[in-house]
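> This is the content of query-v7.cif (mmCIF, C-alpha atoms):
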data_start
#
loop_
_atom_site.label_atom_id
_atom_site.label_comp_id
_atom_site.auth_asym_id
_atom_site.auth_seq_id
_atom_site.Cartn_x
_atom_site.Cartn_y
_atom_site.Cartn_z
CA MET S 1 22.05 38.58 -23.77
CA LYS S 2 18.68 40.19 -24.52
CA LYS S 3 18.82 38.91 -28.06
CA ILE S 4 19.38 35.35 -26.86
CA LEU S 5 16.49 35.58 -24.40
CA ILE S 6 14.22 36.99 -27.12
CA LEU S 7 15.29 34.14 -29.40
CA ILE S 8 14.47 31.53 -26.74
CA LEU S 9 11.08 33.12 -26.01
CA THR S 10 10.27 33.37 -29.73
CA ASN S 11 11.16 29.70 -30.24
CA ILE S 12 9.01 28.65 -27.31
CA LEU S 13 6.10 30.83 -28.49
CA ILE S 14 6.24 29.39 -32.00
CA LEU S 15 6.51 25.83 -30.72
CA ASN S 16 3.64 26.42 -28.26
CA ILE S 17 1.39 27.64 -31.07
CA TYR S 18 2.25 24.73 -33.35
CA SER S 19 2.36 22.09 -30.64
CA GLN S 20 -1.44 22.32 -30.44
CA ASN S 21 -1.48 20.37 -33.68
CA ILE S 22 0.06 17.33 -32.03
CA ASN S 23 -2.55 15.13 -30.41
CA LYS S 24 -0.80 11.80 -30.01
CA ILE S 25 2.78 10.68 -29.80
CA SER S 26 4.44 7.31 -29.51
CA LEU S 27 8.08 6.45 -29.11
CA HIS S 28 10.42 3.67 -28.08
CA ARG S 29 12.35 4.20 -24.85
CA GLU S 30 15.34 2.24 -23.65
CA SER S 31 16.22 3.02 -20.05
CA SER S 32 19.39 1.58 -18.58
CA LEU S 33 20.49 1.85 -14.98
CA LEU S 34 24.05 1.28 -13.83
CA ILE S 35 24.90 0.70 -10.17
CA LYS S 36 28.18 -0.67 -8.91
CA GLY S 37 29.07 -2.34 -12.19
CA LYS S 38 25.64 -3.93 -12.61
CA LYS S 39 22.99 -2.84 -15.07
CA VAL S 40 19.26 -3.12 -15.54
CA ILE S 41 17.73 -2.44 -18.94
CA ASN S 42 14.09 -1.68 -19.55
CA LYS S 43 12.72 -1.37 -23.08
CA ALA S 44 9.28 0.10 -23.53
CA ASN S 45 6.98 1.64 -26.09
CA CYS S 46 5.44 4.84 -24.76
CA TYR S 47 2.18 6.40 -25.92
CA TYR S 48 1.04 9.89 -25.03
CA ASN S 49 -2.30 11.61 -25.48
CA VAL S 50 -1.63 15.35 -25.46
CA ASN S 51 -5.19 16.47 -24.66
CA SER S 52 -5.76 14.21 -21.67
CA ALA S 53 -2.05 14.11 -20.60
CA LEU S 54 -2.44 10.33 -20.46
CA ILE S 55 0.75 8.27 -20.68
CA VAL S 56 0.69 4.55 -21.46
CA GLU S 57 3.90 2.54 -21.28
CA HIS S 58 4.14 -0.99 -22.63
CA SER S 59 7.23 -2.62 -21.18
CA LEU S 60 8.83 -5.08 -23.56
CA SER S 61 11.31 -6.30 -20.95
CA THR S 62 10.60 -8.98 -18.37
CA PRO S 63 8.21 -8.75 -16.67
CA GLU S 64 5.93 -7.40 -19.37
CA TYR S 65 3.51 -4.76 -18.15
CA ILE S 66 1.23 -1.98 -19.32
CA ARG S 67 1.32 1.11 -17.10
CA ILE S 68 -1.31 3.81 -17.44
CA THR S 69 -0.49 7.12 -15.74
CA LYS S 70 -2.95 9.99 -15.43
CA PRO S 71 -2.26 13.65 -14.59
CA SER S 72 -4.06 13.18 -11.27
CA GLY S 73 -1.31 10.76 -10.20
CA GLU S 74 -3.52 7.69 -10.62
CA VAL S 75 -1.39 4.78 -11.82
CA LYS S 76 -2.53 1.37 -12.99
CA GLN S 77 0.13 -1.20 -13.82
CA TYR S 78 -1.15 -4.39 -15.41
CA PHE S 79 0.86 -7.60 -15.80
CA PRO S 80 -0.80 -9.55 -18.65
CA LYS S 81 0.97 -12.87 -18.01
CA GLU S 82 -0.22 -13.04 -14.41
CA ASN S 83 -3.44 -11.10 -15.14
CA SER S 84 -2.65 -9.02 -12.08
CA LEU S 85 -2.86 -5.32 -11.38
CA ILE S 86 -1.21 -2.75 -9.14
CA GLN S 87 -3.19 0.41 -8.59
CA TYR S 88 -2.16 3.46 -6.62
CA GLN S 89 -2.44 7.20 -6.35
CA ASN S 90 0.64 9.34 -5.90
CA ASN S 91 0.98 12.90 -7.11
CA MET S 92 4.76 12.47 -7.31
CA VAL S 93 4.34 10.11 -10.27
CA SER S 94 1.69 12.16 -12.07
CA SER S 95 1.97 12.15 -15.87
CA LYS S 96 2.65 15.90 -15.57
CA ARG S 97 5.92 15.07 -13.82
CA ASN S 98 6.96 12.66 -16.58
CA ASP S 99 9.84 13.70 -18.86
CA LEU S 100 7.58 13.15 -21.87
CA TYR S 101 5.08 15.71 -20.60
CA ILE S 102 7.87 18.29 -20.31
CA TYR S 103 9.15 17.76 -23.84
CA ILE S 104 5.78 17.44 -25.50
CA ASN S 105 4.41 20.57 -23.83
CA ASN S 106 7.60 22.46 -24.64
CA LEU S 107 8.40 23.03 -20.97
CA TYR S 108 12.05 22.27 -21.66
CA GLU S 109 12.66 25.99 -21.11
CA ASP S 110 12.99 25.16 -17.39
CA LEU S 111 12.89 21.33 -17.61
CA GLY S 112 9.93 21.34 -15.24
CA LEU S 113 11.75 23.19 -12.44
CA SER S 114 8.97 25.79 -12.13
CA ILE S 115 6.44 22.96 -11.67
CA GLU S 116 8.64 21.74 -8.81
CA GLY S 117 8.60 25.22 -7.23
CA PHE S 118 11.96 26.61 -8.37
CA LYS S 119 12.44 30.21 -9.49
CA MET S 120 15.21 31.57 -11.69
CA LYS S 121 17.77 33.59 -9.74
CA SER S 122 20.34 34.51 -12.39
CA SER S 123 21.33 34.01 -16.00
CA ASN S 124 24.87 34.40 -17.34
CA GLN S 125 26.53 33.83 -20.66
CA GLU S 126 29.67 31.65 -20.65
CA GLY S 127 31.00 31.51 -24.20
CA GLU S 128 28.33 29.88 -26.34
CA LEU S 129 26.47 28.68 -23.27
CA ILE S 130 23.82 30.33 -21.11
CA VAL S 131 24.05 29.26 -17.47
CA THR S 132 21.00 29.84 -15.30
CA GLU S 133 20.65 29.33 -11.56
CA TRP S 134 17.38 28.47 -9.87
CA LEU S 135 16.42 28.68 -6.20
CA PRO S 136 13.87 26.45 -4.48
CA THR S 137 10.76 27.92 -2.89
CA GLY S 138 8.44 26.62 -0.17
CA ASN S 139 9.04 23.15 1.18
CA ASN S 140 11.74 22.42 -1.41
CA ALA S 141 14.02 24.96 0.28
CA LYS S 142 14.41 22.46 3.15
CA TYR S 143 15.98 19.86 0.87
CA PHE S 144 17.61 21.71 -2.03
CA LEU S 145 20.12 24.55 -2.18
CA LYS S 146 19.79 25.40 -5.85
CA ALA S 147 19.53 24.06 -9.38
CA LYS S 148 21.40 24.94 -12.54
CA ILE S 149 20.35 24.68 -16.19
CA VAL S 150 22.79 25.25 -19.04
CA TYR S 151 21.59 26.05 -22.56
CA LYS S 152 23.40 25.73 -25.86
CA ASN S 153 21.73 27.10 -28.98
CA THR S 154 18.65 27.80 -26.82
CA MET S 155 18.29 24.11 -25.90
CA PRO S 156 19.05 22.78 -22.39
CA ILE S 157 22.07 20.49 -22.40
CA TYR S 158 22.66 20.17 -18.65
CA MET S 159 20.81 20.38 -15.38
CA SER S 160 22.18 19.89 -11.89
CA ILE S 161 20.39 19.89 -8.55
CA TYR S 162 22.24 20.63 -5.33
CA LYS S 163 21.43 19.27 -1.88
CA ILE S 164 21.03 21.66 1.03
CA ASP S 165 24.63 20.94 2.13
CA GLY S 166 25.93 22.17 -1.24
CA SER S 167 26.81 18.76 -2.66
CA VAL S 168 25.44 17.70 -6.04
CA GLN S 169 22.39 15.46 -5.91
CA SER S 170 22.10 14.84 -9.63
CA LYS S 171 23.52 15.88 -12.97
CA THR S 172 21.52 15.38 -16.15
CA TYR S 173 22.91 15.70 -19.66
CA TYR S 174 20.61 16.17 -22.67
CA SER S 175 21.92 15.50 -26.16
CA ASP S 176 21.12 14.38 -29.71
CA TYR S 177 18.22 16.81 -30.12
CA GLN S 178 15.89 16.00 -33.01
CA ILE S 179 12.83 17.77 -34.36
CA PHE S 180 9.65 15.84 -35.18
CA GLY S 181 7.11 18.25 -36.64
CA THR S 182 6.84 20.75 -33.83
CA LEU S 183 8.25 18.42 -31.17
CA VAL S 184 11.83 18.97 -30.08
CA LEU S 185 13.19 15.93 -28.26
CA PRO S 186 16.57 15.11 -26.73
CA MET S 187 17.00 11.56 -28.01
CA ARG S 188 19.50 10.81 -25.30
CA VAL S 189 19.35 11.75 -21.62
CA THR S 190 22.05 10.71 -19.16
CA ASP S 191 21.40 11.21 -15.49
CA ILE S 192 23.99 10.75 -12.76
CA SER S 193 22.73 10.85 -9.20
CA TYR S 194 24.66 10.72 -5.97
CA PRO S 195 22.40 9.24 -3.28
CA ILE S 196 25.40 8.67 -0.99
CA LYS S 197 28.82 10.33 -0.96
CA ASN S 198 31.30 8.69 -3.38
CA ASP S 199 28.57 6.51 -4.84
CA SER S 200 26.74 7.19 -8.09
CA ILE S 201 23.91 5.79 -10.13
CA ILE S 202 23.91 6.35 -13.90
CA ARG S 203 20.64 6.29 -15.78
CA ARG S 204 20.74 6.40 -19.58
CA THR S 205 17.57 6.96 -21.59
CA ILE S 206 17.56 6.63 -25.36
CA TYR S 207 14.46 7.49 -27.37
CA SER S 208 13.77 6.24 -30.89
CA LYS S 209 10.96 5.42 -33.35
CA VAL S 210 9.01 8.65 -32.76
CA ASN S 211 5.53 8.73 -34.33
CA LEU S 212 2.99 11.54 -34.34
CA ASN S 213 -0.82 11.71 -34.62
CA HIS S 214 -2.22 9.27 -37.21
CA GLN S 215 1.02 7.24 -37.18
CA VAL S 216 0.37 6.36 -33.54
CA ASP S 217 -1.12 2.95 -32.81
CA ASP S 218 -4.24 3.65 -30.71
CA VAL S 219 -4.38 0.16 -29.21
CA TYR S 220 -2.49 1.09 -26.05
CA LEU S 221 -3.92 4.61 -25.66
CA ASN S 222 -7.37 2.97 -25.51
CA TYR S 223 -6.15 -0.02 -23.54
CA LYS S 224 -8.70 -1.55 -21.18
CA ILE S 225 -7.42 -3.59 -18.28
CA PRO S 226 -9.46 -6.80 -17.94
CA LYS S 227 -12.07 -6.52 -15.20
CA ASN S 228 -11.09 -9.89 -13.77
CA ALA S 229 -7.46 -8.81 -13.23
CA LYS S 230 -6.29 -9.74 -9.75
CA LEU S 231 -5.66 -6.58 -7.71
CA LEU S 232 -2.44 -6.82 -5.73
CA LYS S 233 -2.55 -5.26 -2.30
CA ASN S 234 1.02 -3.94 -2.26
CA ASN S 235 1.22 -0.21 -2.68
CA PRO S 236 4.44 0.89 -4.41
CA SER S 237 3.77 4.52 -3.51
CA LYS S 238 4.90 3.84 0.04
CA TYR S 239 8.40 2.79 -1.04
CA MET O 1 56.14 42.15 -19.95
CA LYS O 2 52.64 43.60 -19.69
CA LYS O 3 51.74 42.06 -23.02
CA LEU O 4 53.03 38.72 -21.83
CA LEU O 5 50.96 38.94 -18.65
CA LEU O 6 47.89 39.95 -20.65
CA LEU O 7 48.42 37.02 -23.01
CA LEU O 8 48.85 34.66 -20.06
CA SER O 9 45.68 35.98 -18.40
CA LEU O 10 43.71 35.62 -21.63
CA SER O 11 45.00 32.07 -22.10
CA CYS O 12 43.94 31.21 -18.54
CA LEU O 13 40.49 32.70 -19.14
CA VAL O 14 40.06 30.69 -22.34
CA LEU O 15 41.23 27.53 -20.60
CA LEU O 16 38.89 28.14 -17.65
CA GLY O 17 36.05 28.76 -20.08
CA ASN O 18 36.77 25.45 -21.77
CA VAL O 19 36.88 23.59 -18.46
CA LYS O 20 33.46 24.97 -17.57
CA ALA O 21 32.05 24.06 -20.97
CA GLU O 22 33.34 20.51 -20.64
CA ASN O 23 31.68 20.17 -17.25
CA TYR O 24 28.30 20.64 -18.87
CA THR O 25 28.69 17.81 -21.36
CA ILE O 26 29.36 14.11 -21.03
CA ASP O 27 31.27 11.69 -23.21
CA ASN O 28 28.44 9.44 -24.42
CA SER O 29 30.83 6.84 -25.81
CA LYS O 30 32.42 6.41 -22.37
CA VAL O 31 28.98 6.03 -20.79
CA ASP O 32 28.09 3.39 -23.38
CA GLU O 33 31.34 1.60 -22.67
CA MET O 34 30.55 1.47 -18.95
CA PHE O 35 27.14 -0.05 -19.69
CA GLU O 36 28.67 -2.59 -22.06
CA LYS O 37 31.14 -3.74 -19.42
CA ALA O 38 28.52 -4.01 -16.69
CA SER O 39 26.87 -7.33 -15.84
CA ASP O 40 23.10 -7.75 -16.14
CA ILE O 41 20.62 -7.90 -13.30
CA GLU O 42 17.53 -9.90 -14.17
CA ILE O 43 14.16 -8.89 -12.78
CA SER O 44 12.29 -12.14 -12.87
CA SER O 45 8.86 -11.10 -11.68
CA TYR O 46 6.61 -8.24 -10.76
CA SER O 47 7.04 -9.13 -7.09
CA GLU O 48 10.62 -7.81 -7.31
CA MET O 49 9.32 -4.62 -8.83
CA LEU O 50 6.89 -4.28 -5.95
CA GLN O 51 9.87 -4.14 -3.66
CA GLY O 52 10.76 -0.82 -5.22
CA GLY O 53 11.73 -1.48 -8.78
CA ALA O 54 14.93 -2.30 -10.55
CA SER O 55 16.98 0.42 -8.95
CA ARG O 56 16.28 -0.85 -5.46
CA SER O 57 16.89 -4.49 -6.32
CA ALA O 58 20.45 -3.58 -7.17
CA PHE O 59 20.96 -2.25 -3.66
CA LYS O 60 20.28 -5.60 -2.05
CA VAL O 61 23.11 -6.96 0.06
CA VAL O 62 23.74 -10.69 0.23
CA LYS O 63 21.27 -12.04 2.72
CA GLY O 64 22.62 -13.79 5.79
CA LYS O 65 25.99 -12.03 5.66
CA ASP O 66 25.64 -8.99 7.80
CA PRO O 67 28.52 -6.51 7.46
CA VAL O 68 28.10 -5.52 11.12
CA ILE O 69 28.59 -9.13 12.29
CA ALA O 70 31.56 -9.54 9.93
CA ALA O 71 33.15 -6.34 11.26
CA ALA O 72 32.46 -7.33 14.87
CA LEU O 73 34.01 -10.79 14.37
CA ASN O 74 37.00 -9.18 12.72
CA PHE O 75 37.36 -6.66 15.52
CA CYS O 76 37.38 -9.38 18.20
CA LEU O 77 39.07 -12.32 16.47
CA GLY O 78 40.31 -10.95 13.15
CA TRP O 79 43.82 -12.33 13.70
CA LEU O 80 42.27 -15.83 13.71
CA GLY O 81 40.35 -15.14 10.51
CA ILE O 82 36.98 -15.80 12.13
CA HIS O 83 35.35 -13.12 9.94
CA ARG O 84 36.56 -15.01 6.86
CA LEU O 85 35.00 -18.18 8.22
CA TYR O 86 31.73 -16.28 8.68
CA LEU O 87 31.85 -14.77 5.18
CA GLY O 88 32.89 -18.08 3.64
CA THR O 89 36.23 -18.92 2.05
CA LYS O 90 38.55 -21.84 1.22
CA PRO O 91 39.74 -23.82 4.29
CA LEU O 92 43.34 -23.09 3.31
CA THR O 93 42.75 -19.34 3.47
CA PHE O 94 41.32 -19.71 6.96
CA VAL O 95 44.37 -21.78 7.99
CA GLY O 96 46.60 -19.07 6.46
CA TYR O 97 45.09 -16.50 8.83
CA ILE O 98 45.77 -18.71 11.87
CA VAL O 99 49.34 -19.47 10.82
CA THR O 100 50.23 -15.82 10.05
CA LEU O 101 48.02 -14.43 12.86
CA GLY O 102 46.06 -12.50 10.27
CA GLY O 103 49.21 -11.29 8.56
CA LEU O 104 50.47 -10.09 11.95
CA GLY O 105 47.23 -8.17 12.29
CA VAL O 106 47.81 -6.06 9.18
CA ILE O 107 45.65 -8.10 6.79
CA SER O 108 42.83 -8.47 9.30
CA PHE O 109 42.94 -4.71 9.95
CA ILE O 110 42.64 -3.98 6.21
CA ASP O 111 39.76 -6.49 6.07
CA PHE O 112 38.07 -4.60 8.90
CA VAL O 113 38.40 -1.26 7.12
CA MET O 114 37.19 -2.69 3.80
CA ILE O 115 34.12 -4.27 5.42
CA LEU O 116 33.24 -0.88 6.89
CA VAL O 117 33.89 0.94 3.62
CA GLU O 118 31.87 -1.55 1.54
CA ASN O 119 29.22 -2.08 4.21
CA ARG O 120 26.33 -1.51 1.80
CA ASP O 121 27.31 -4.45 -0.37
CA ILE O 122 29.81 -6.97 0.95
CA SER O 123 28.85 -9.59 -1.61
CA LYS O 124 32.32 -9.51 -3.19
CA PHE O 125 33.79 -10.66 0.14
CA VAL O 126 31.35 -13.55 0.49
CA ASN O 127 32.74 -16.95 -0.52
CA ASN O 128 35.87 -15.19 -1.71
CA PRO O 129 38.68 -17.79 -1.98
CA GLN O 130 41.52 -15.24 -2.09
CA PHE O 131 43.72 -14.61 0.93
CA PHE O 132 43.44 -10.86 0.29
CA MET O 133 39.67 -10.65 -0.12
CA TRP O 134 39.73 -7.00 -1.17
CA LEU O 135 41.99 -7.59 -4.20
CA GLU O 136 40.22 -7.88 -7.57
#
Before anything else, please render the file you have as structure tokens.


Amino acid sequence: MKKILILILTNILILNIYSQNINKISLHRESSLLIKGKKVINKANCYYNVNSALIVEHSLSTPEYIRITKPSGEVKQYFPKENSLIQYQNNMVSSKRNDLYIYINNLYEDLGLSIEGFKMKSSNQEGELIVTEWLPTGNNAKYFLKAKIVYKNTMPIYMSIYKIDGSVQSKTYYSDYQIFGTLVLPMRVTDISYPIKNDSIIRRTIYSKVNLNHQVDDVYLNYKIPKNAKLLKNNPSKY
Amino acid sequence: MKKLLLLLSLSCLVLLGNVKAENYTIDNSKVDEMFEKASDIEISSYSEMLQGGASRSAFKVVKGKDPVIAAALNFCLGWLGIHRLYLGTKPLTFVGYIVTLGGLGVISFIDFVMILVENRDISKFVNNPQFFMWLE
């Protein structure tokens, strides 16, 4: 057990040291959502600036948009065809809560649970797997009972979050890990959430076309929204 | 005998271990198959996204057909098929309810239960020409 923990920590330490060399990343993301036999697919190119934690997403699906997310939670979503803009501030959608931030900053050790206020309670070995349990702290304890992360070969392959009544809120499966320089990325993430009993939503995210540093097209990382863009009054943060 | 029990216990442990391991993985090909079979939802404009994004748009129930009204009509006059008239169906289906008194109350009772069960999205019952609206 100790050896495995030392191995995980060593891997993370090495990756943390080397990850400083990565300044920019771009990748293609295909997100699909399945609800009651109906699906929605969103294809986007994502750009990430490591130093400023700035994430820019260019949606290739209809409607086309460019979304700029900052670590402060400031979001600007521009629709070029309509020359319109949605702008809002919501810490819940900060770029530091984005999956990309977690992978790029090698926070996959806890999949961002510590950022959300969870603390590890136990760690057990089950065959070739390491199963860890996490307990919520602070305000989260009102809504969540616990969380579980399962590791295989030091990489997380599964995470589940439990509601306060003990039922599962979501299960996330991470697979097809690939290494790009010092970046370790699960190329496929499948999330199943249970908002209501006996009803599930499946979200499948597939990453591809990963580029690092000089290979990254700077156009979107330096994207300037036209000053004459019409600002829409609706505030998505309230939904 | 002891050896047999030990072997049995070990086999159970191995099997339990495998069950746990399987719980932590998912069959990606089955997930892909589910997505392939699913029908598309189009998001035509940003205004739909403003209403909460793609995930919320899929939760929309068919406007104008309130499951509460349908259930209430069924509860009061289900044997006459009034709820089917409200939800929309073929005239012959409606006549069938009157003639059979809602399948002697059995069909209308199943309709009532199904409307309550599927209350979040009763779209499959709307304009459904089948006599048994809950059959695929």

> Using all atoms listed in the file, find each residue of chain S with at least one atom at most 10 Å away from an atom of chain O; report its shortest atom-to-atom pair and that distance in Å (one decimal), sort the rows by chain and rising residue number, and return the result as a tab-separated table.


residue	atom	partner	partner_atom	distance
S:Ser32	CA	O:Phe35	CA	8.0
S:Leu33	CA	O:Ser55	CA	7.1
S:Leu34	CA	O:Phe35	CA	6.8
S:Ile35	CA	O:Ala58	CA	6.9
S:Lys36	CA	O:Ala58	CA	8.4
S:Gly37	CA	O:Ala38	CA	4.8
S:Lys38	CA	O:Ser39	CA	4.8
S:Lys39	CA	O:Asp40	CA	5.0
S:Val40	CA	O:Ile41	CA	5.5
S:Ile41	CA	O:Asp40	CA	8.1
S:Asn42	CA	O:Ala54	CA	9.1
S:Ser61	CA	O:Ile43	CA	9.0
S:Thr62	CA	O:Ser44	CA	6.6
S:Pro63	CA	O:Ser45	CA	5.6
S:Glu64	CA	O:Tyr46	CA	8.7
S:Tyr65	CA	O:Tyr46	CA	8.7
S:Tyr78	CA	O:Tyr46	CA	9.8
S:Phe79	CA	O:Tyr46	CA	7.7
S:Glu82	CA	O:Tyr46	CA	9.1
S:Ser84	CA	O:Tyr46	CA	9.4
S:Leu85	CA	O:Tyr46	CA	9.9
S:Ile86	CA	O:Leu50	CA	8.8
S:Glu126	CA	O:Gly17	CA	7.0
S:Gly127	CA	O:Gly17	CA	7.1
S:Glu128	CA	O:Ala21	CA	8.7
S:Leu129	CA	O:Ala21	CA	7.6
S:Val131	CA	O:Tyr24	CA	9.7
S:Ile149	CA	O:Tyr24	CA	9.3
S:Val150	CA	O:Tyr24	CA	7.2
S:Tyr151	CA	O:Tyr24	CA	9.4
S:Lys152	CA	O:Tyr24	CA	9.9
S:Ile157	CA	O:Tyr24	CA	7.2
S:Tyr158	CA	O:Tyr24	CA	5.7
S:Met159	CA	O:Tyr24	CA	8.3
S:Ser160	CA	O:Tyr24	CA	9.3
S:Lys171	CA	O:Tyr24	CA	9.0
S:Thr172	CA	O:Tyr24	CA	9.0
S:Tyr173	CA	O:Thr25	CA	6.4
S:Tyr174	CA	O:Thr25	CA	8.3
S:Ser175	CA	O:Thr25	CA	8.6
S:Arg188	CA	O:Asn28	CA	9.1
S:Val189	CA	O:Asn28	CA	9.8
S:Thr190	CA	O:Ile26	CA	8.3
S:Ile201	CA	O:Ser55	CA	8.8
S:Ile202	CA	O:Val31	CA	8.6
S:Arg203	CA	O:Ser55	CA	9.7
S:Arg204	CA	O:Val31	CA	8.3
S:Leu232	CA	O:Leu50	CA	9.7
S:Asn234	CA	O:Leu50	CA	6.9
S:Asn235	CA	O:Leu50	CA	7.7
S:Pro236	CA	O:Leu50	CA	5.9
S:Ser237	CA	O:Gly52	CA	9.0
S:Lys238	CA	O:Gly52	CA	9.2
S:Tyr239	CA	O:Gly52	CA	6.0

> When you draw a straight line from atom CA of Trp79 of chain O to atom CA of Val126 of chain O, how long is it in Å?

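Computing it gives 18.2 Å between the two atoms.
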
> Let me make sure I understand: among S:Asn45, S:Ser193, S:Asn83, S:Thr137, which one has the smallest atom-to-atom distance to Ile225 of chain S if we use only C-alpha atoms?

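Counting only C-alpha atoms, the residue closest to Ile225 of chain S is S:Asn83.
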
> With a distance cut-off of 10 Å and all atoms listed in the file, select the neighbouring residues of Ser123 of chain S, excluding the residue or stretch itself and same-chain residues fewer than 2 positions from it, and output the selection as a PyMOL selection string.

chain S and resi 1+5+120-121+125-126+130-134+148-150

> Atom CA of Ser208 of chain S and atom CA of Lys70 of chain S are how many Å apart?

23.1 Å

> Using the chain letters and numbers from this file, what does the PyMOL selection byres ((chain O and resi 81) around 8) select? Give the answer as a PDB file with C-alpha atoms, in the coordinates of the input.


ATOM      1  CA  ASN O  74      37.000  -9.180  12.720  1.00  0.00           C
ATOM      2  CA  LEU O  77      39.070 -12.320  16.470  1.00  0.00           C
ATOM      3  CA  GLY O  78      40.310 -10.950  13.150  1.00  0.00           C
ATOM      4  CA  TRP O  79      43.820 -12.330  13.700  1.00  0.00           C
ATOM      5  CA  LEU O  80      42.270 -15.830  13.710  1.00  0.00           C
ATOM      6  CA  ILE O  82      36.980 -15.800  12.130  1.00  0.00           C
ATOM      7  CA  HIS O  83      35.350 -13.120   9.940  1.00  0.00           C
ATOM      8  CA  ARG O  84      36.560 -15.010   6.860  1.00  0.00           C
ATOM      9  CA  LEU O  85      35.000 -18.180   8.220  1.00  0.00           C
ATOM     10  CA  PHE O  94      41.320 -19.710   6.960  1.00  0.00           C
ATOM     11  CA  TYR O  97      45.090 -16.500   8.830  1.00  0.00           C
ATOM     12  CA  ILE O  98      45.770 -18.710  11.870  1.00  0.00           C
ATOM     13  CA  GLY O 102      46.060 -12.500  10.270  1.00  0.00           C
ATOM     14  CA  SER O 108      42.830  -8.470   9.300  1.00  0.00           C
TER      15      SER O 108
END

> Out of S:Ile22, S:Ile161, S:Val168, S:Ala44, which residue has the shortest atom-to-atom distance to Ile206 of chain S when counting all atoms listed in the file?

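Of S:Ile22, S:Ile161, S:Val168, S:Ala44, the one nearest Ile206 of chain S is S:Ala44, counting all atoms listed in the file.
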
> Determine the residue membership of the PyMOL selection byres ((chain O and resi 70) around 12) for the file above and supply it as a PyMOL selection string.

chain O and resi 64-69+71-78+81-88+108+111-116+118-119+122-123+125-126

> Rounded to one decimal, what separation in Å do you get between atom CA of Tyr103 of chain S and atom CA of Leu27 of chain S?

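Between these atoms lies a distance of 12.5 Å.
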